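**Student:** Here it is, the structure, as structure tokens.
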Amino acid sequence: WREGAILGLCVGLGATLYSQMPPGPRTRAEKAEQAARALEATPDKAIPEYEAAIAEYRTLLNSDLVLNRARINGKIQELETRVDEIGQAARKQQFEAQVDRAQHLIHEGDAQSARKAKIEKYRNALRELEALERDPARPNDWAIPLAIAEVVTRIAEQQVNDREWGLVNETLAANAKRLALLPDNREVNLAKAENHHTRGRFFNQQLLPRKAEEEFEDGLRIRQKLRDSSTGLDVRLEADLARSFGYLGDAQLTLGKSADAEKSYRRAEEIRQRLALSTGELAHKCLHARDAGNMAGLYAWRSVRPDGTLDPQMIEKRIERLAERKRYYEENLAQQAVLPSNYLTERVTAAVEYVAARLDSPTDGEPTAEHY
């Protein structure tokens, strides 16, 4: 019995000593790998665990405790591949989050009514996008350069309104060069058209209608080509086309091209009327209301004969279109207490211009209460 007791004591002591021994590299590697797989949803925690597991497997490989070295080498390669995959996925996720932040800032800028607030949002978005463009880990494609070009155009458009001529000219010229380096696809061409359109507004504001006409025509050609290759109704493209025709008509009228201006205004009116009816959206209704104002401006220009006398027929046509615009607001937008920021004062302007035209008309009597 003594021998049995001594044997049991030795076995128990050995088990106790074994349990108190620190785990070997294989055990540590397996535990680290297990922890890493459980943490893969948070790459910044999972990657250090995988790296710890790889280090332990390397320690094991360098010892005399391993028989199948090929298996351990394979395990190390497997974990290194997994670290690369997780790292790439994490960088992609971070990249997409930054893109989302930039897009959110752009949308916030679009929603602002004050120009300074718009520009601030757009510039913040531009900083985000430029940081992404410099990131060596970003996908090597045209999406970020295109987004930068689109934001730059938005900023330039606000600077046109602020009459920052030198800055706008430099910005849009550089933007045109940036866009020229991008692939010839639909999204890039839409951006090119918008850059031309903004340059047209830039020249129009500087009272350079001939240059403005050229830029509006360049943008219009791109948009018409895109429309010809489109299937179905592309609301954004149709709205852009109408904008091109409307602004082109303004430049043509300034140049004295009355017939061309009328064609442009009528094309814009056709498109906007179709969009207002097919979408029912408030913005498209507001835009369509502008068409009667464009035609009223055309008739105002025609109402002055070359000899300086007034043409009563043209004056009456102007009044008719102003009355039509006022009536359109009353019949289609009366339930809208406040119009969107881009059209905030246009309903009041429509009423005031109509009454003023009636007062100024040599062929009409005093406006009655209904005119007001």
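Please note that chains go A, B, ... in the order of the structure tokens, that every chain numbers its residues from 1, and that ligands are numbered from 1 in the order shown.
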Quick one: residues within 8 Å of region 338-352 of chain A, only C-alpha atoms, excluding same-chain residues fewer than 3 positions away - as a PyMOL selection string?
**Tutor:** chain A and resi 112-113+283+286+293+322+325-326+329+355-356+372
**Student:** Restricting it to all heavy atoms, dump the selection as a compact mmCIF listing (two decimals), in the first residue's frame.
**Tutor:**
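The new file result02.txt reads:
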# COMPACT_ATOMS: atom_id res chain seq x y z
N GLN A 112 -29.19 74.56 -47.94
CA GLN A 112 -29.04 75.88 -47.34
C GLN A 112 -29.58 76.96 -48.27
O GLN A 112 -29.47 76.86 -49.49
CB GLN A 112 -27.56 76.18 -47.04
CG GLN A 112 -26.94 75.28 -46.00
CD GLN A 112 -27.46 75.55 -44.60
OE1 GLN A 112 -27.81 76.67 -44.26
NE2 GLN A 112 -27.51 74.51 -43.78
N SER A 113 -30.14 78.00 -47.70
CA SER A 113 -30.63 79.12 -48.52
C SER A 113 -29.59 80.24 -48.60
O SER A 113 -29.52 80.95 -49.60
CB SER A 113 -31.94 79.66 -47.95
OG SER A 113 -31.78 80.04 -46.60
N ALA A 283 -40.72 71.38 -56.68
CA ALA A 283 -39.62 72.09 -57.36
C ALA A 283 -39.89 72.22 -58.85
O ALA A 283 -39.63 73.28 -59.45
CB ALA A 283 -38.30 71.37 -57.12
N CYS A 286 -42.49 74.90 -59.48
CA CYS A 286 -41.89 76.23 -59.34
C CYS A 286 -41.06 76.60 -60.56
O CYS A 286 -41.08 77.75 -61.03
CB CYS A 286 -41.02 76.29 -58.08
SG CYS A 286 -41.94 76.23 -56.52
N GLY A 293 -42.69 83.69 -67.10
CA GLY A 293 -41.89 84.88 -66.88
C GLY A 293 -40.85 85.09 -67.97
O GLY A 293 -40.58 86.22 -68.39
N LEU A 322 -47.68 87.25 -67.94
CA LEU A 322 -47.54 87.54 -66.51
C LEU A 322 -48.79 87.12 -65.74
O LEU A 322 -48.70 86.60 -64.63
CB LEU A 322 -47.28 89.04 -66.31
CG LEU A 322 -45.90 89.55 -66.76
CD1 LEU A 322 -45.83 91.07 -66.63
CD2 LEU A 322 -44.78 88.89 -65.97
N ARG A 325 -48.64 83.39 -65.32
CA ARG A 325 -47.73 82.97 -64.25
C ARG A 325 -48.39 83.16 -62.88
O ARG A 325 -48.33 82.27 -62.02
CB ARG A 325 -46.43 83.76 -64.32
CG ARG A 325 -45.42 83.37 -63.24
CD ARG A 325 -44.10 84.08 -63.39
NE ARG A 325 -44.21 85.52 -63.26
CZ ARG A 325 -43.17 86.34 -63.13
NH1 ARG A 325 -41.93 85.84 -63.09
NH2 ARG A 325 -43.33 87.64 -63.03
N LYS A 326 -49.03 84.32 -62.69
CA LYS A 326 -49.71 84.59 -61.42
C LYS A 326 -50.82 83.57 -61.18
O LYS A 326 -50.98 83.04 -60.07
CB LYS A 326 -50.29 86.00 -61.47
CG LYS A 326 -51.09 86.42 -60.24
CD LYS A 326 -51.49 87.89 -60.37
CE LYS A 326 -52.43 88.32 -59.25
NZ LYS A 326 -53.77 87.72 -59.40
N TYR A 329 -49.48 80.06 -60.06
CA TYR A 329 -49.20 79.98 -58.62
C TYR A 329 -50.49 79.80 -57.83
O TYR A 329 -50.55 79.00 -56.89
CB TYR A 329 -48.48 81.25 -58.16
CG TYR A 329 -46.99 81.24 -58.42
CD1 TYR A 329 -46.41 82.11 -59.35
CD2 TYR A 329 -46.16 80.36 -57.74
CE1 TYR A 329 -45.05 82.11 -59.58
CE2 TYR A 329 -44.78 80.35 -57.97
CZ TYR A 329 -44.24 81.22 -58.90
OH TYR A 329 -42.89 81.20 -59.13
N VAL A 355 -49.16 93.30 -61.68
CA VAL A 355 -49.83 94.56 -61.37
C VAL A 355 -49.05 95.74 -61.95
O VAL A 355 -49.64 96.67 -62.52
CB VAL A 355 -50.00 94.72 -59.84
CG1 VAL A 355 -50.53 96.11 -59.50
CG2 VAL A 355 -50.93 93.65 -59.31
N ALA A 356 -47.73 95.72 -61.84
CA ALA A 356 -46.91 96.81 -62.38
C ALA A 356 -47.08 96.92 -63.89
O ALA A 356 -47.16 98.02 -64.44
CB ALA A 356 -45.44 96.58 -62.03
N TYR A 372 -55.00 92.60 -57.75
CA TYR A 372 -54.10 92.59 -56.62
C TYR A 372 -54.20 91.30 -55.84
O TYR A 372 -53.45 91.08 -54.94
CB TYR A 372 -54.37 93.79 -55.71
CG TYR A 372 -54.05 95.12 -56.38
CD1 TYR A 372 -55.04 95.78 -57.08
CD2 TYR A 372 -52.78 95.66 -56.33
CE1 TYR A 372 -54.76 97.00 -57.70
CE2 TYR A 372 -52.49 96.87 -56.95
CZ TYR A 372 -53.48 97.54 -57.63
OH TYR A 372 -53.20 98.73 -58.24
**Student:** List every residue of region 28-202 of chain A that DSSP, applied to the backbone of this structure, assigns to helix (DSSP H, G or I), and report them as a ChimeraX atom specification.
**Tutor:** /A:28-38,43-61,69-111,115-134,143-161,165-180,186-202
**Student:** Any idea what's packed within 8 Å of Ala193 (chain A), counting only C-alpha atoms, ignoring anything in its chain fewer than 5 positions away? Could you give it as a count of residues only?
**Tutor:** 5
**Student:** If we count only C-alpha atoms, what is near Gln158 (chain A) at a cut-off of 9 Å, once residues fewer than 5 positions away on the same chain are taken out, given as a list in words?
**Tutor:** Arg115, Lys116, Lys118, Ile119, Thr153 and Arg163 of chain A
**Student:** Find the residues around region 73-75 of chain A up to 12 Å (only C-alpha atoms counted), leave out those fewer than 3 positions away in its own chain, and share them as a list in words.
**Tutor:**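 Neighbouring residues, sequence-local ones excluded: Arg26, Ala29, Glu30, Glu33, Tyr50, Ala53, Ile54, Ala55, Glu56, Tyr57, Arg58, Thr59, Leu60, Leu61, Asn62, Val66, Leu67, Asn68, Arg69, Ala70, Glu78, Leu79, Glu80, Thr81 and Arg82 of chain A.
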**Student:** Can you pull out the residues contacting region 181-188 of chain A? Cut-off 9 Å, using only C-alpha atoms, and skip same-chain residues under 3 positions away; I want them as number ranges by chain.
**Tutor:** A: 142, 145-146, 176-178, 191-193, 226
**Student:** Generate the output file for the selected residues, all heavy atoms, as a compact mmCIF listing (two decimals), in the first residue's frame.
**Tutor:**
# COMPACT_ATOMS: atom_id res chain seq x y z
N TRP A 142 -12.37 56.81 -60.84
CA TRP A 142 -12.65 58.21 -61.13
C TRP A 142 -13.70 58.81 -60.20
O TRP A 142 -14.03 60.00 -60.32
CB TRP A 142 -13.16 58.33 -62.58
CG TRP A 142 -14.22 57.31 -62.92
CD1 TRP A 142 -14.03 56.08 -63.45
CD2 TRP A 142 -15.63 57.43 -62.70
NE1 TRP A 142 -15.23 55.41 -63.59
CE2 TRP A 142 -16.23 56.23 -63.14
CE3 TRP A 142 -16.45 58.44 -62.19
CZ2 TRP A 142 -17.60 56.01 -63.08
CZ3 TRP A 142 -17.82 58.22 -62.13
CH2 TRP A 142 -18.38 57.02 -62.58
N PRO A 145 -12.27 61.90 -57.86
CA PRO A 145 -12.01 63.11 -58.67
C PRO A 145 -13.27 63.73 -59.25
O PRO A 145 -13.39 64.95 -59.33
CB PRO A 145 -11.08 62.58 -59.77
CG PRO A 145 -10.39 61.41 -59.16
CD PRO A 145 -11.41 60.78 -58.27
N LEU A 146 -14.23 62.88 -59.65
CA LEU A 146 -15.49 63.41 -60.18
C LEU A 146 -16.26 64.14 -59.09
O LEU A 146 -16.79 65.24 -59.31
CB LEU A 146 -16.35 62.28 -60.75
CG LEU A 146 -17.76 62.68 -61.18
CD1 LEU A 146 -17.72 63.73 -62.28
CD2 LEU A 146 -18.55 61.46 -61.65
N ALA A 176 -12.34 72.31 -65.53
CA ALA A 176 -12.48 71.75 -66.87
C ALA A 176 -11.31 70.82 -67.19
O ALA A 176 -11.49 69.75 -67.79
CB ALA A 176 -12.57 72.87 -67.90
N LYS A 177 -10.11 71.21 -66.78
CA LYS A 177 -8.93 70.36 -67.01
C LYS A 177 -9.03 69.07 -66.20
O LYS A 177 -8.67 67.99 -66.68
CB LYS A 177 -7.65 71.12 -66.63
CG LYS A 177 -7.34 72.28 -67.56
CD LYS A 177 -6.08 73.02 -67.13
CE LYS A 177 -5.76 74.18 -68.05
NZ LYS A 177 -4.56 74.93 -67.61
N ARG A 178 -9.52 69.17 -64.96
CA ARG A 178 -9.69 67.98 -64.13
C ARG A 178 -10.68 67.01 -64.78
O ARG A 178 -10.43 65.82 -64.88
CB ARG A 178 -10.20 68.39 -62.75
CG ARG A 178 -10.55 67.20 -61.85
CD ARG A 178 -11.26 67.65 -60.59
NE ARG A 178 -10.36 68.35 -59.68
CZ ARG A 178 -9.58 67.76 -58.80
NH1 ARG A 178 -9.58 66.43 -58.70
NH2 ARG A 178 -8.79 68.45 -58.02
N ALA A 191 -21.21 66.15 -65.39
CA ALA A 191 -20.41 67.14 -64.67
C ALA A 191 -19.78 68.14 -65.64
O ALA A 191 -19.68 69.34 -65.33
CB ALA A 191 -19.33 66.43 -63.86
N LYS A 192 -19.34 67.67 -66.79
CA LYS A 192 -18.78 68.58 -67.80
C LYS A 192 -19.83 69.59 -68.25
O LYS A 192 -19.55 70.78 -68.40
CB LYS A 192 -18.25 67.79 -68.99
CG LYS A 192 -16.97 67.02 -68.73
CD LYS A 192 -16.55 66.24 -69.97
CE LYS A 192 -15.25 65.48 -69.73
NZ LYS A 192 -14.85 64.68 -70.92
N ALA A 193 -21.04 69.10 -68.49
CA ALA A 193 -22.12 69.98 -68.91
C ALA A 193 -22.42 71.04 -67.86
O ALA A 193 -22.61 72.22 -68.18
CB ALA A 193 -23.38 69.16 -69.20
N LEU A 226 -26.58 63.01 -74.25
CA LEU A 226 -26.90 62.06 -73.18
C LEU A 226 -28.38 61.68 -73.23
O LEU A 226 -28.74 60.52 -73.02
CB LEU A 226 -26.57 62.66 -71.82
CG LEU A 226 -25.08 62.81 -71.49
CD1 LEU A 226 -24.90 63.65 -70.23
CD2 LEU A 226 -24.43 61.44 -71.32
**Student:** Find the residue from A:Pro48, A:Gly280, A:Pro43, A:Gly166 that sits nearest to Ala89 (chain A); use only C-alpha atoms when measuring.
**Tutor:** A:Pro43
**Student:** Which of these residues is nearest to Leu359 (chain A), using only C-alpha atoms: A:Val151, A:Ile319, A:Asp307, A:Gln335?
**Tutor:**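 Checking each candidate against Leu359 (chain A), we get A:Ile319 as the closest.
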**Student:** So, with only C-alpha atoms as the atoms that count, which of A:Glu320, A:Glu214, A:Asn161, A:Leu172 lies closest to Ala296 (chain A)?
**Tutor:**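 Looking only at the distances to Ala296 (chain A), the closest residue turns out to be A:Glu320.
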**Student:** Would you list the contacts of Asp135 (chain A) as a list in words, taking every protein, DNA or RNA residue within 12 Å and counting only C-alpha atoms, but skipping same-chain residues closer than 2 positions in sequence?
**Tutor:**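 The residues satisfying every condition are Arg91, Lys92, Gln94, Phe95, Gln98, Glu128, Leu129, Glu130, Ala131, Leu132, Glu133, Ala137, Arg138, Pro139, Asn140 and Ile144 of chain A.
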**Student:** So how far away is CA of Thr279 (chain A) from CA of Glu108 (chain A), in Å?
**Tutor:**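 Atom-to-atom, CA of Glu108 (chain A) and CA of Thr279 (chain A) are spaced 23.3 Å apart.
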